[in-house]
>>> print(open('start_29.cif').read())   # mmCIF, C-alpha atoms and all ligand atoms
data_start
loop_
_atom_site.label_atom_id
_atom_site.label_comp_id
_atom_site.auth_asym_id
_atom_site.auth_seq_id
_atom_site.Cartn_x
_atom_site.Cartn_y
_atom_site.Cartn_z
CA MET A 1 -20.53 24.73 -5.83
CA SER A 2 -21.22 23.77 -9.44
CA HIS A 3 -17.51 24.24 -10.08
CA MET A 4 -16.74 21.78 -7.23
CA SER A 5 -19.14 19.14 -8.53
CA ASN A 6 -17.68 19.28 -12.05
CA PHE A 7 -14.33 18.14 -10.75
CA ASP A 8 -13.50 14.60 -11.94
CA PHE A 9 -11.92 12.82 -8.99
CA ALA A 10 -11.82 9.34 -10.57
CA THR A 11 -8.62 7.37 -10.99
CA SER A 12 -7.78 4.07 -12.62
CA PHE A 13 -5.29 1.26 -12.43
CA ASN A 14 -5.24 -0.22 -15.91
CA ASN A 15 -8.86 -0.98 -16.76
CA THR A 16 -10.13 -0.80 -13.20
CA SER A 17 -11.46 2.56 -12.15
CA PHE A 18 -12.13 4.00 -8.70
CA PRO A 19 -14.37 6.99 -7.90
CA ASN A 20 -11.56 8.74 -5.99
CA PRO A 21 -7.86 8.10 -5.32
CA ILE A 22 -7.90 7.68 -1.50
CA PHE A 23 -7.27 4.13 -0.23
CA THR A 24 -6.43 2.49 3.07
CA ALA A 25 -2.86 1.20 3.50
CA SER A 26 -2.45 -2.52 3.97
CA GLY A 27 -2.26 -3.58 7.61
CA CYS A 28 -3.55 -0.30 9.01
CA ALA A 29 -7.30 -0.87 8.80
CA GLY A 30 -7.66 -4.67 9.07
CA SER A 31 -10.46 -5.53 6.70
CA GLY A 32 -12.31 -2.27 7.25
CA LYS A 33 -14.74 -3.28 10.03
CA GLU A 34 -13.51 -0.69 12.57
CA LEU A 35 -13.32 2.11 9.99
CA SER A 36 -16.90 1.42 8.91
CA GLN A 37 -18.03 2.90 12.26
CA PHE A 38 -16.57 6.26 11.17
CA PHE A 39 -17.63 6.56 7.51
CA PRO A 40 -19.29 4.42 4.80
CA LEU A 41 -16.56 2.29 3.23
CA ASN A 42 -17.78 3.05 -0.29
CA GLU A 43 -16.74 6.72 0.24
CA ILE A 44 -13.08 5.87 -0.35
CA GLY A 45 -11.44 4.53 -3.51
CA ALA A 46 -10.90 1.07 -2.04
CA ILE A 47 -10.00 -0.86 1.07
CA VAL A 48 -6.57 -2.47 0.80
CA THR A 49 -6.76 -5.40 3.20
CA LYS A 50 -4.10 -6.49 5.66
CA SER A 51 -1.63 -8.79 3.90
CA ILE A 52 -3.14 -12.24 3.98
CA MET A 53 -1.05 -15.40 4.16
CA VAL A 54 -1.79 -19.04 3.43
CA LYS A 55 -2.20 -20.03 7.08
CA ALA A 56 -3.29 -18.18 10.23
CA ARG A 57 -0.38 -16.53 12.08
CA SER A 58 0.06 -14.97 15.48
CA GLY A 59 2.74 -12.39 14.61
CA ARG A 60 5.95 -11.46 16.40
CA PRO A 61 6.82 -11.14 20.13
CA THR A 62 5.67 -8.10 22.18
CA PRO A 63 6.18 -5.18 22.55
CA ARG A 64 5.34 -4.55 18.90
CA MET A 65 5.14 -0.76 18.73
CA ALA A 66 7.48 2.09 19.57
CA GLU A 67 6.95 5.80 19.01
CA THR A 68 9.65 7.70 17.13
CA PRO A 69 9.97 11.37 16.16
CA SER A 70 7.28 11.96 13.50
CA GLY A 71 6.61 8.29 13.08
CA MET A 72 6.31 4.87 14.62
CA LEU A 73 8.09 1.59 14.54
CA ASN A 74 6.05 -1.62 14.38
CA SER A 75 6.94 -5.26 14.44
CA ILE A 76 3.45 -6.73 14.24
CA GLY A 77 4.66 -9.34 11.77
CA LEU A 78 2.10 -10.70 9.40
CA GLN A 79 -0.51 -11.59 11.99
CA GLY A 80 -3.85 -12.72 10.64
CA PRO A 81 -6.47 -15.35 10.00
CA GLY A 82 -5.17 -17.05 6.85
CA ILE A 83 -6.77 -17.03 3.42
CA ASP A 84 -9.66 -19.45 4.16
CA GLN A 85 -11.18 -17.48 7.00
CA PHE A 86 -10.47 -14.23 5.15
CA LEU A 87 -12.42 -15.37 2.09
CA ALA A 88 -15.27 -16.74 4.21
CA GLU A 89 -15.71 -13.71 6.47
CA ASP A 90 -13.93 -10.54 5.41
CA ILE A 91 -14.75 -10.51 1.71
CA PRO A 92 -18.53 -10.96 2.23
CA PHE A 93 -18.46 -8.14 4.84
CA LEU A 94 -16.71 -5.77 2.40
CA ILE A 95 -19.00 -6.67 -0.50
CA LYS A 96 -22.03 -6.01 1.69
CA ALA A 97 -20.55 -2.64 2.70
CA GLY A 98 -20.33 -1.70 -1.00
CA SER A 99 -16.56 -1.35 -0.71
CA ARG A 100 -14.16 -1.81 -3.56
CA ILE A 101 -11.58 -4.36 -2.48
CA ILE A 102 -7.87 -4.72 -3.09
CA VAL A 103 -6.58 -7.91 -1.49
CA SER A 104 -3.00 -7.82 -0.24
CA ILE A 105 -1.16 -11.15 -0.25
CA ALA A 106 2.14 -12.14 1.38
CA GLY A 107 4.15 -15.35 1.44
CA GLU A 108 7.30 -16.99 2.70
CA SER A 109 8.04 -18.78 -0.56
CA VAL A 110 7.25 -18.37 -4.25
CA ASP A 111 4.84 -21.32 -3.89
CA ASP A 112 2.92 -19.50 -1.15
CA TYR A 113 2.21 -16.64 -3.55
CA GLY A 114 1.07 -19.13 -6.19
CA SER A 115 -1.31 -20.81 -3.71
CA LEU A 116 -2.75 -17.46 -2.62
CA ALA A 117 -3.28 -16.34 -6.22
CA ARG A 118 -5.01 -19.67 -6.97
CA ARG A 119 -7.41 -19.11 -4.05
CA LEU A 120 -8.27 -15.63 -5.36
CA ARG A 121 -9.16 -16.88 -8.83
CA GLY A 122 -12.85 -16.38 -9.54
CA VAL A 123 -13.56 -14.67 -6.19
CA PRO A 124 -16.24 -12.09 -7.04
CA GLY A 125 -16.02 -8.45 -5.97
CA LEU A 126 -12.25 -7.90 -6.15
CA SER A 127 -10.79 -4.83 -7.87
CA ALA A 128 -7.08 -5.74 -7.74
CA VAL A 129 -4.43 -7.74 -5.92
CA GLU A 130 -1.60 -6.01 -4.06
CA VAL A 131 1.42 -8.28 -3.79
CA ASN A 132 3.43 -7.49 -0.66
CA ILE A 133 6.96 -8.71 -1.33
CA SER A 134 8.51 -7.11 1.76
CA CYS A 135 8.60 -10.49 3.49
CA PRO A 136 11.46 -12.82 4.39
CA ASN A 137 11.97 -15.62 1.86
CA VAL A 138 12.46 -18.79 3.93
CA GLU A 139 14.04 -20.49 0.92
CA SER A 140 16.73 -17.81 0.72
CA ARG A 141 18.07 -17.39 4.29
CA GLY A 142 15.27 -14.98 5.11
CA GLN A 143 16.32 -12.37 2.56
CA VAL A 144 13.37 -10.07 1.85
CA PHE A 145 11.89 -10.78 -1.63
CA ALA A 146 11.65 -7.06 -2.45
CA CYS A 147 15.41 -6.63 -1.94
CA ASP A 148 16.25 -9.38 -4.40
CA PRO A 149 15.42 -8.77 -8.09
CA ILE A 150 15.40 -12.47 -8.97
CA ALA A 151 13.05 -13.45 -6.13
CA SER A 152 10.82 -10.42 -6.83
CA ARG A 153 10.54 -11.48 -10.46
CA ALA A 154 9.73 -15.09 -9.52
CA VAL A 155 6.89 -14.00 -7.23
CA VAL A 156 5.32 -11.68 -9.79
CA GLU A 157 5.61 -14.27 -12.57
CA VAL A 158 3.80 -16.94 -10.54
CA VAL A 159 0.99 -14.54 -9.55
CA ARG A 160 0.63 -13.34 -13.15
CA ARG A 161 0.61 -16.88 -14.55
CA THR A 162 -1.94 -18.02 -11.96
CA LEU A 163 -4.32 -15.09 -12.27
CA GLY A 164 -3.98 -14.65 -16.04
CA GLY A 165 -5.53 -11.31 -16.92
CA GLU A 166 -8.28 -11.64 -14.33
CA LEU A 167 -7.20 -8.84 -11.94
CA PRO A 168 -4.70 -5.98 -12.01
CA ILE A 169 -1.57 -6.90 -10.05
CA ILE A 170 -0.06 -4.09 -7.98
CA VAL A 171 3.34 -4.99 -6.53
CA LYS A 172 4.39 -3.29 -3.30
CA LEU A 173 8.06 -2.45 -3.08
CA SER A 174 10.44 -1.80 -0.21
CA PRO A 175 12.45 1.44 -0.09
CA ASP A 176 15.26 -0.48 1.66
CA VAL A 177 17.18 -1.01 -1.59
CA THR A 178 19.97 0.84 -3.36
CA ASP A 179 18.07 1.28 -6.62
CA ILE A 180 14.26 1.06 -6.41
CA VAL A 181 13.96 1.82 -10.15
CA ALA A 182 15.84 -1.40 -10.95
CA ILE A 183 13.50 -3.52 -8.79
CA ALA A 184 10.49 -1.71 -10.32
CA GLY A 185 11.79 -2.58 -13.80
CA GLU A 186 12.12 -6.28 -12.87
CA VAL A 187 8.58 -6.59 -11.54
CA ILE A 188 7.07 -4.62 -14.44
CA SER A 189 8.75 -6.89 -16.98
CA ALA A 190 7.56 -9.90 -14.93
CA GLY A 191 3.95 -8.78 -15.40
CA ALA A 192 3.07 -6.19 -12.74
CA ASP A 193 0.32 -3.80 -13.85
CA GLY A 194 1.05 -1.25 -11.14
CA LEU A 195 3.31 -0.56 -8.18
CA ALA A 196 2.68 0.36 -4.55
CA LEU A 197 5.36 2.62 -3.07
CA ILE A 198 6.49 2.49 -0.28
CA ASN A 199 6.45 -0.13 2.42
CA THR A 200 7.99 0.68 5.82
CA LEU A 201 11.75 1.13 6.32
CA LEU A 202 13.62 -1.16 8.67
CA GLY A 203 14.50 0.62 11.92
CA MET A 204 15.34 0.05 15.58
CA VAL A 205 14.76 1.82 18.89
CA ILE A 206 16.83 1.03 21.98
CA ASP A 207 15.34 1.54 25.44
CA ILE A 208 18.14 3.35 27.26
CA ASP A 209 16.86 2.35 30.71
CA LEU A 210 16.62 -1.35 29.92
CA MET A 211 19.58 -0.87 27.57
CA ARG A 212 18.21 -3.26 24.97
CA PRO A 213 16.05 -3.06 21.85
CA LYS A 214 12.57 -1.83 22.68
CA LEU A 215 10.67 -4.13 20.31
CA GLY A 216 10.32 -7.83 21.05
CA GLY A 217 11.27 -8.49 17.44
CA LYS A 218 14.27 -6.11 17.86
CA THR A 219 13.79 -4.41 14.47
CA GLY A 220 10.57 -2.95 13.10
CA GLY A 221 9.09 -1.05 10.19
CA LEU A 222 9.25 2.74 10.32
CA SER A 223 6.12 4.56 9.08
CA GLY A 224 4.46 7.96 9.41
CA PRO A 225 5.53 11.51 8.45
CA ALA A 226 9.23 10.70 9.03
CA ILE A 227 9.27 8.60 5.84
CA ARG A 228 7.27 10.91 3.55
CA PRO A 229 10.25 12.49 1.73
CA ILE A 230 11.50 8.99 0.95
CA ALA A 231 8.09 8.04 -0.46
CA VAL A 232 8.00 11.20 -2.59
CA ARG A 233 11.50 10.49 -3.90
CA ALA A 234 10.74 6.82 -4.69
CA ILE A 235 7.47 7.70 -6.47
CA TYR A 236 9.16 10.49 -8.43
CA GLN A 237 12.05 8.27 -9.57
CA VAL A 238 9.84 5.34 -10.56
CA HIS A 239 7.27 7.53 -12.34
CA GLN A 240 10.07 9.20 -14.27
CA ALA A 241 11.41 5.84 -15.45
CA PHE A 242 8.00 4.20 -16.12
CA PRO A 243 5.47 7.00 -16.70
CA LYS A 244 2.74 4.66 -18.00
CA VAL A 245 2.75 2.34 -14.96
CA PRO A 246 0.23 3.46 -12.30
CA ILE A 247 1.57 3.95 -8.78
CA LEU A 248 -0.33 3.63 -5.51
CA GLY A 249 1.63 5.95 -3.23
CA MET A 250 1.89 5.81 0.56
CA GLY A 251 4.18 6.95 3.35
CA GLY A 252 3.39 9.51 6.02
CA VAL A 253 0.29 11.07 4.50
CA THR A 254 -1.76 12.83 7.18
CA ASN A 255 -3.47 15.65 5.26
CA GLY A 256 -4.42 16.80 1.77
CA ARG A 257 -1.13 18.65 1.22
CA ASP A 258 0.85 15.47 1.88
CA ALA A 259 -1.37 13.52 -0.52
CA LEU A 260 -0.96 16.20 -3.20
CA GLU A 261 2.83 15.91 -2.93
CA LEU A 262 2.67 12.18 -3.72
CA VAL A 263 0.24 12.80 -6.60
CA LEU A 264 2.44 15.50 -8.16
CA ALA A 265 5.40 13.09 -7.87
CA GLY A 266 3.43 10.50 -9.88
CA ALA A 267 0.95 8.61 -7.66
CA SER A 268 -2.38 7.66 -9.28
CA GLY A 269 -3.73 6.77 -5.83
CA VAL A 270 -2.80 7.49 -2.22
CA SER A 271 -2.99 5.03 0.68
CA ILE A 272 -3.20 6.24 4.26
CA GLY A 273 -1.86 4.04 7.04
CA THR A 274 -0.37 5.33 10.29
CA ALA A 275 -2.51 8.51 10.29
CA THR A 276 -5.68 6.43 10.75
CA PHE A 277 -4.45 5.14 14.14
CA GLY A 278 -4.63 8.64 15.65
CA ASN A 279 -7.59 9.78 13.56
CA PRO A 280 -9.93 7.15 12.10
CA SER A 281 -11.56 9.82 9.90
CA ALA A 282 -8.24 10.85 8.30
CA LEU A 283 -9.18 9.18 5.00
CA MET A 284 -12.27 11.39 4.71
CA SER A 285 -10.49 14.65 5.57
CA VAL A 286 -7.54 13.88 3.24
CA LYS A 287 -10.03 13.17 0.45
CA GLU A 288 -11.84 16.53 0.86
CA GLU A 289 -8.62 18.51 1.34
CA LEU A 290 -6.96 16.96 -1.72
CA LYS A 291 -9.97 17.78 -3.86
CA SER A 292 -10.01 21.44 -2.70
CA LEU A 293 -6.26 21.82 -3.25
CA LEU A 294 -6.54 20.44 -6.80
CA ILE A 295 -9.45 22.73 -7.64
CA ALA A 296 -7.57 25.71 -6.15
CA ARG A 297 -4.69 24.91 -8.51
CA GLY A 298 -6.99 24.94 -11.54
CA PHE A 299 -7.25 21.20 -12.19
CA SER A 300 -10.58 19.97 -13.52
CA SER A 301 -9.62 16.33 -13.18
CA PHE A 302 -7.48 14.37 -10.74
CA LYS A 303 -5.71 12.49 -13.53
CA ASP A 304 -4.28 15.75 -14.92
CA ALA A 305 -2.38 16.28 -11.68
CA VAL A 306 -0.68 12.86 -11.59
CA GLY A 307 3.04 13.36 -12.16
CA HIS A 308 2.62 17.11 -12.72
CA ALA A 309 5.91 17.88 -10.93
CA HIS A 310 7.72 16.21 -13.83
CA ARG A 311 5.93 18.23 -16.48
CA SER A 312 6.47 21.64 -14.94
CA GLU A 313 10.18 20.82 -14.74
CA ASN A 314 10.41 20.45 -18.53
CA GLU A 315 8.31 23.42 -19.48
C1 LIG A 401 0.98 -1.43 12.03
C2 LIG A 401 1.31 -1.56 10.57
C3 LIG A 401 1.03 -2.74 9.90
C4 LIG A 401 1.33 -2.87 8.53
N1 LIG A 401 1.01 -4.04 7.87
C5 LIG A 401 1.25 -4.14 6.53
C6 LIG A 401 0.85 -5.30 5.81
O1 LIG A 401 0.24 -6.24 6.34
N2 LIG A 401 1.15 -5.35 4.49
C7 LIG A 401 1.78 -4.33 3.82
O2 LIG A 401 2.00 -4.44 2.61
N3 LIG A 401 2.14 -3.20 4.48
C8 LIG A 401 1.89 -3.09 5.81
N4 LIG A 401 2.23 -1.92 6.46
C9 LIG A 401 2.84 -0.79 5.71
C10 LIG A 401 1.79 0.23 5.28
O3 LIG A 401 0.82 -0.33 4.41
C11 LIG A 401 2.46 1.44 4.57
O4 LIG A 401 3.13 0.99 3.41
C12 LIG A 401 3.46 2.18 5.45
O5 LIG A 401 3.06 2.16 6.81
C13 LIG A 401 3.65 3.64 5.02
O6 LIG A 401 2.44 4.37 5.09
P1 LIG A 401 1.99 5.26 6.37
O7 LIG A 401 3.18 6.12 6.73
O8 LIG A 401 0.79 6.02 5.92
O9 LIG A 401 1.66 4.29 7.47
C14 LIG A 401 1.94 -1.78 7.83
C15 LIG A 401 2.22 -0.59 8.53
C16 LIG A 401 1.92 -0.46 9.88
C17 LIG A 401 2.22 0.84 10.56
#
>>> encode(input="start_29.cif", output="structure tokens")
Amino acid sequence: MSHMSNFDFATSFNNTSFPNPIFTASGCAGSGKELSQFFPLNEIGAIVTKSIMVKARSGRPTPRMAETPSGMLNSIGLQGPGIDQFLAEDIPFLIKAGSRIIVSIAGESVDDYGSLARRLRGVPGLSAVEVNISCPNVESRGQVFACDPIASRAVVEVVRRTLGGELPIIVKLSPDVTDIVAIAGEVISAGADGLALINTLLGMVIDIDLMRPKLGGKTGGLSGPAIRPIAVRAIYQVHQAFPKVPILGMGGVTNGRDALELVLAGASGVSIGTATFGNPSALMSVKEELKSLLIARGFSSFKDAVGHAHRSENE
């Protein structure tokens, strides 16, 4: 037991530290209210909130979910209350719960991101901002920001300029690109402190009885175990190119072994999304399993394991 309690599970993103590396994934736990019925929110590294937009939105047409082998497809769209209600209600709830908070923001234009960053300035109790750039840019024929290096750079620059050095900026990238390392390089040079990898992949399911796309929005984001090897590959490639930039990894993590894979590839933190829908306590079990697996492999601190798959390759 004393061996267990000596283990240092803390992680950090730049100067912000977290007691352990297990986080929610944006959009999969709202603002934490439902999860708080299953465990105290301060038990996890941080809550990453659903991506918040400038105005309230109702999301995309139904149906919005389809099951796929080892995963799911969703086309929720960025449904939510808008930044004003979020700041008035969700942030005070999370502060009261003792939770560390990472606010995810999303926009349809570079200006939207600037407005959101302005509203976050001086808000007490925030640990970091996650910038979700996997959204259609209405000023560029709906092309997703994260697939366009110039638009990605513009978003990160406006958030950086607006927030100054107030909060770490973690930029969430899409795996739906030819070269994720190139996009990572753009956003890092534009001022990102860290990266979140990966968002969902664009997919489609066709109902063969109705003989048309199953989702009301036709396409949707693929998540769950089916995408884990892509997450591991993206994290590995980006960590190899930018070893000093912290990565929040996510994609199909359901147990401690999955989380360990992302950590060894280079993730300084692990977010859990789809797994919480089937098992609201998944965050707690992944946390305990990851700790045991690290101790069993002789690590005395979590940070020593980050990116270890790269080191053993060279030795
Ligand atoms: C229903 C649903 C809603 C999501 N909403 C968001 C969101 O608002 N912002 C965001 O950055 N990612 C969103 N994501 C993506 C997740 O945060 C995560 O990157 C992805 O699902 C991979 O992790 P997982 O396999 O553990 O779910 C959403 C995913 C799902 C399944």
>>> closest_residue(input="start_29.cif", among="A:Ala88, A:Ala46, A:Val54, A:Met65", to="Ser127 of chain A", atoms="all atoms listed in the file")
A:Ala46
>>> residues_around(input="start_29.cif", residues="Ala190 of chain A", least_positions_apart="3", cutoff="8 Å", atoms="all atoms listed in the file", output="JSON, numbers by chain")
{"A": [153, 154, 156, 157, 160, 186, 187]}
>>> write_last_selection(input="start_29.cif", atoms="C-alpha atoms", output="short mmCIF file (atom, residue, chain, number, x, y, z; two decimals), keeping the file's coordinate frame")
data_model
loop_
_atom_site.label_atom_id
_atom_site.label_comp_id
_atom_site.auth_asym_id
_atom_site.auth_seq_id
_atom_site.Cartn_x
_atom_site.Cartn_y
_atom_site.Cartn_z
CA ARG A 153 10.54 -11.48 -10.46
CA ALA A 154 9.73 -15.09 -9.52
CA VAL A 156 5.32 -11.68 -9.79
CA GLU A 157 5.61 -14.27 -12.57
CA ARG A 160 0.63 -13.34 -13.15
CA GLU A 186 12.12 -6.28 -12.87
CA VAL A 187 8.58 -6.59 -11.54
#
>>> residues_around(input="start_29.cif", residues="segment 107-117 of chain A", least_positions_apart="4", cutoff="8 Å", atoms="all atoms listed in the file", output="ChimeraX atom specification")
/A:53-54,83,121,133,135-139,151,154-155,158-159,162-163
>>> residues_near_ligand(input="start_29.cif", ligand="ligand LIG 401 (chain A)", cutoff="7 Å", atoms="only C-alpha atoms and all ligand atoms", output="number ranges by chain")
A: 25-28, 50-51, 74, 76, 78, 104, 132, 172, 198-200, 223-225, 227, 250-253, 271-275
>>> closest_residue(input="start_29.cif", among="A:Leu94, A:Ala182, A:Leu73, A:Met204", to="Glu34 of chain A", atoms="only C-alpha atoms")
A:Leu94
>>> atom_distance(input="start_29.cif", atom1="atom CA of Ser17 of chain A", atom2="atom CA of Lys287 of chain A")
16.5 Å
